[in-house]
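The file data-v8.pdb comes next; it holds PDB, C-alpha atoms.
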```pdb
ATOM      1  CA  MET J   1     -31.445   3.400  26.649
ATOM      2  CA  ARG J   2     -28.250   5.278  27.314
ATOM      3  CA  GLU J   3     -27.270   8.831  26.445
ATOM      4  CA  GLU J   4     -23.961  10.605  27.054
ATOM      5  CA  TYR J   5     -22.794  14.121  26.290
ATOM      6  CA  LEU J   6     -20.176  16.656  27.416
ATOM      7  CA  THR J   7     -21.148  19.926  29.076
ATOM      8  CA  LEU J   8     -19.602  22.676  31.185
ATOM      9  CA  GLU J   9     -19.906  23.227  34.903
ATOM     10  CA  GLU J  10     -20.185  26.770  36.243
ATOM     11  CA  ALA J  11     -16.806  28.507  36.326
ATOM     12  CA  ILE J  12     -14.975  29.149  39.578
ATOM     13  CA  VAL J  13     -12.869  32.316  39.791
ATOM     14  CA  VAL J  14     -10.021  32.489  42.306
ATOM     15  CA  ALA J  15      -7.508  35.370  42.365
ATOM     16  CA  GLY J  16      -8.242  36.279  38.742
ATOM     17  CA  VAL J  17      -7.884  32.694  37.516
ATOM     18  CA  ARG J  18     -10.986  31.071  36.038
ATOM     19  CA  ILE J  19     -11.392  27.296  36.349
ATOM     20  CA  ILE J  20     -13.949  25.418  34.260
ATOM     21  CA  ALA J  21     -14.737  21.713  34.475
ATOM     22  CA  VAL J  22     -15.875  19.902  31.342
ATOM     23  CA  VAL J  23     -17.949  16.925  32.471
ATOM     24  CA  ARG J  24     -19.485  13.859  30.858
ATOM     25  CA  VAL J  25     -23.151  13.440  31.730
ATOM     26  CA  SER J  26     -24.497   9.884  31.440
ATOM     27  CA  VAL J  27     -28.199   9.108  31.599
ATOM     28  CA  HIS J  28     -29.456   5.511  31.715
ATOM     29  CA  TYR J  29     -33.087   4.445  31.400
ATOM     30  CA  VAL J  30     -34.496   0.938  31.682
ATOM     31  CA  GLU J  31     -38.093  -0.291  31.647
ATOM     32  CA  ILE J  32     -38.788  -3.874  32.749
ATOM     33  CA  LYS J  33     -42.351  -5.144  33.098
ATOM     34  CA  GLY J  34     -43.757  -1.640  33.488
ATOM     35  CA  VAL J  35     -41.192  -0.569  36.086
ATOM     36  CA  ARG J  36     -38.994   2.351  35.023
ATOM     37  CA  SER J  37     -35.542   2.941  36.397
ATOM     38  CA  PHE J  38     -33.338   5.979  35.790
ATOM     39  CA  TYR J  39     -29.728   6.626  36.659
ATOM     40  CA  ALA J  40     -27.687   9.717  35.870
ATOM     41  CA  GLY J  41     -24.144  10.665  36.733
ATOM     42  CA  LYS J  42     -21.449  13.234  35.987
ATOM     43  CA  GLN J  43     -17.757  12.540  35.551
ATOM     44  CA  PRO J  44     -15.074  15.199  34.971
ATOM     45  CA  VAL J  45     -13.193  14.936  31.676
ATOM     46  CA  TYR J  46     -11.178  18.164  31.330
ATOM     47  CA  ILE J  47     -10.191  21.072  33.548
ATOM     48  CA  ILE J  48      -9.689  24.376  31.736
ATOM     49  CA  ILE J  49      -7.535  27.022  33.448
ATOM     50  CA  MET J  50      -7.921  30.594  32.180
ATOM     51  CA  SER J  51      -6.037  33.723  33.224
ATOM     52  CA  THR J  52      -4.996  37.001  31.638
ATOM     53  CA  GLU J  53      -1.857  35.152  30.512
ATOM     54  CA  GLY J  54      -3.865  32.617  28.495
ATOM     55  CA  GLN J  55      -5.617  29.262  28.714
ATOM     56  CA  ARG J  56      -4.548  25.681  29.357
ATOM     57  CA  GLY J  57      -6.455  22.435  29.301
ATOM     58  CA  TYR J  58      -5.818  19.303  31.334
ATOM     59  CA  SER J  59      -7.329  15.859  31.139
ATOM     60  CA  VAL J  60      -8.425  14.420  34.462
ATOM     61  CA  THR J  61      -6.127  11.495  33.693
ATOM     62  CA  GLY J  62      -3.215  13.900  34.220
ATOM     63  CA  GLY J  63      -2.060  14.975  30.789
ATOM     64  CA  GLU J  64      -2.214  18.372  29.173
ATOM     65  CA  VAL J  65      -4.623  18.675  26.223
ATOM     66  CA  THR J  66      -4.898  21.371  23.610
ATOM     67  CA  ILE J  67      -7.722  23.858  23.909
ATOM     68  CA  GLN J  68      -8.680  22.887  20.354
ATOM     69  CA  GLN J  69      -9.151  19.242  21.435
ATOM     70  CA  ALA J  70     -11.348  20.282  24.365
ATOM     71  CA  ILE J  71     -13.433  22.522  22.069
ATOM     72  CA  SER J  72     -13.726  19.695  19.544
ATOM     73  CA  ASP J  73     -15.160  17.437  22.271
ATOM     74  CA  CYS J  74     -17.332  20.172  23.876
ATOM     75  CA  PRO J  75     -18.199  22.985  21.406
ATOM     76  CA  ALA J  76     -19.904  25.054  24.152
ATOM     77  CA  LEU J  77     -16.404  25.746  25.482
ATOM     78  CA  ALA J  78     -15.609  27.920  22.430
ATOM     79  CA  VAL J  79     -18.289  30.421  23.461
ATOM     80  CA  VAL J  80     -16.864  30.692  26.991
ATOM     81  CA  LEU J  81     -13.278  31.108  25.792
ATOM     82  CA  GLU J  82     -14.128  33.623  23.066
ATOM     83  CA  GLY J  83     -14.452  36.672  25.286
ATOM     84  CA  TRP J  84     -11.699  35.830  27.758
ATOM     85  CA  PRO J  85      -8.547  37.995  27.572
ATOM     86  CA  GLY J  86      -5.176  36.562  26.744
ATOM     87  CA  PRO J  87      -3.794  34.226  24.108
ATOM     88  CA  PRO J  88      -3.605  30.446  24.583
ATOM     89  CA  LEU J  89      -0.609  29.488  26.710
ATOM     90  CA  PRO J  90       2.117  27.458  24.991
ATOM     91  CA  GLN J  91       1.694  23.687  25.305
ATOM     92  CA  HIS J  92       4.486  21.768  27.038
TER      93      HIS J  92
END
```
For this file, produce the structure as structure tokens.
Amino acid sequence: MREEYLTLEEAIVVAGVRIIAVVRVSVHYVEIKGVRSFYAGKQPVYIIIMSTEGQRGYSVTGGEVTIQQAISDCPALAVVLEGWPGPPLPQH
């Protein structure tokens, strides 16, 4: 059995800038002849940068992503972004 989902890590705030990691959690479960084996891991997918000037999203592969794309993949992000001041920053 394998299950994967996206979730948020706890935000880090540095000099008024909030940084949130969106991570993929993978859980694997195997049972062979009565022996059970579990494996779980986390892998970063997006980094969200928030300041009073707005928000930006980056893929860990290096490209900029829209905030809407990150919210589409991880709806919990919408709740975090909702109360934060500032409009979305323009995408480059």
Nearby residues, (-19.4, 12.7, 38.0) file frame, 8 Å, all atoms listed in the file, as a PyMOL selection string
chain J and resi 23-25+41-44
May I ask which of the residues J:Val45, J:Val35, J:Met50, J:Leu81 is the closest one to Ile19 (chain J), counting only C-alpha atoms?
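Checking each candidate against Ile19 (chain J), we get J:Met50 as the closest.
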Option closest in space to Gln69 (chain J), from J:Gly54, J:Val22, J:Glu31, J:Glu9 [counting all atoms listed in the file]:
J:Val22
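What separates CA of Gly63 (chain J) from CA of Glu4 (chain J) is a distance of 22.6 Å.
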Once the PyMOL selection byres ((chain J and resi 10) around 10) is applied to the coordinates I shared, what remains selected? I want it as a compact mmCIF listing (two decimals) with C-alpha atoms, keeping the file's coordinate frame.
```txt
# COMPACT_ATOMS: atom_id res chain seq x y z
CA THR J 7 -21.15 19.93 29.08
CA LEU J 8 -19.60 22.68 31.18
CA GLU J 9 -19.91 23.23 34.90
CA ALA J 11 -16.81 28.51 36.33
CA ILE J 12 -14.98 29.15 39.58
CA VAL J 13 -12.87 32.32 39.79
CA ILE J 19 -11.39 27.30 36.35
CA ILE J 20 -13.95 25.42 34.26
CA ALA J 21 -14.74 21.71 34.48
CA VAL J 22 -15.88 19.90 31.34
```
Within 7 Å of Met1 (chain J), counting all atoms listed in the file, which residues show up once you throw out same-chain ones fewer than 4 positions away? Write them as a ChimeraX atom specification, please.
/J:28-30
Figure out the distance between CA of Ser26 (chain J) and CA of Tyr39 (chain J), please, to one decimal in Å.
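Spanning CA of Tyr39 (chain J) to CA of Ser26 (chain J) is a straight-line distance of 8.1 Å.
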Could you expand the PyMOL selection byres ((chain J and resi 67) around 10) into the explicit residues it covers here, written as a PDB file with C-alpha atoms, in the coordinates of the input?
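Saved file result_12.pdb follows:
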```
ATOM      1  CA  TYR J  46     -11.178  18.164  31.330  1.00  0.00           C
ATOM      2  CA  ILE J  48      -9.689  24.376  31.736  1.00  0.00           C
ATOM      3  CA  GLN J  55      -5.617  29.262  28.714  1.00  0.00           C
ATOM      4  CA  ARG J  56      -4.548  25.681  29.357  1.00  0.00           C
ATOM      5  CA  GLY J  57      -6.455  22.435  29.301  1.00  0.00           C
ATOM      6  CA  TYR J  58      -5.818  19.303  31.334  1.00  0.00           C
ATOM      7  CA  GLU J  64      -2.214  18.372  29.173  1.00  0.00           C
ATOM      8  CA  VAL J  65      -4.623  18.675  26.223  1.00  0.00           C
ATOM      9  CA  THR J  66      -4.898  21.371  23.610  1.00  0.00           C
ATOM     10  CA  GLN J  68      -8.680  22.887  20.354  1.00  0.00           C
ATOM     11  CA  GLN J  69      -9.151  19.242  21.435  1.00  0.00           C
ATOM     12  CA  ALA J  70     -11.348  20.282  24.365  1.00  0.00           C
ATOM     13  CA  ILE J  71     -13.433  22.522  22.069  1.00  0.00           C
ATOM     14  CA  SER J  72     -13.726  19.695  19.544  1.00  0.00           C
ATOM     15  CA  ASP J  73     -15.160  17.437  22.271  1.00  0.00           C
ATOM     16  CA  LEU J  77     -16.404  25.746  25.482  1.00  0.00           C
ATOM     17  CA  ALA J  78     -15.609  27.920  22.430  1.00  0.00           C
ATOM     18  CA  LEU J  81     -13.278  31.108  25.792  1.00  0.00           C
ATOM     19  CA  PRO J  88      -3.605  30.446  24.583  1.00  0.00           C
ATOM     20  CA  LEU J  89      -0.609  29.488  26.710  1.00  0.00           C
ATOM     21  CA  GLN J  91       1.694  23.687  25.305  1.00  0.00           C
TER      22      GLN J  91
END
```
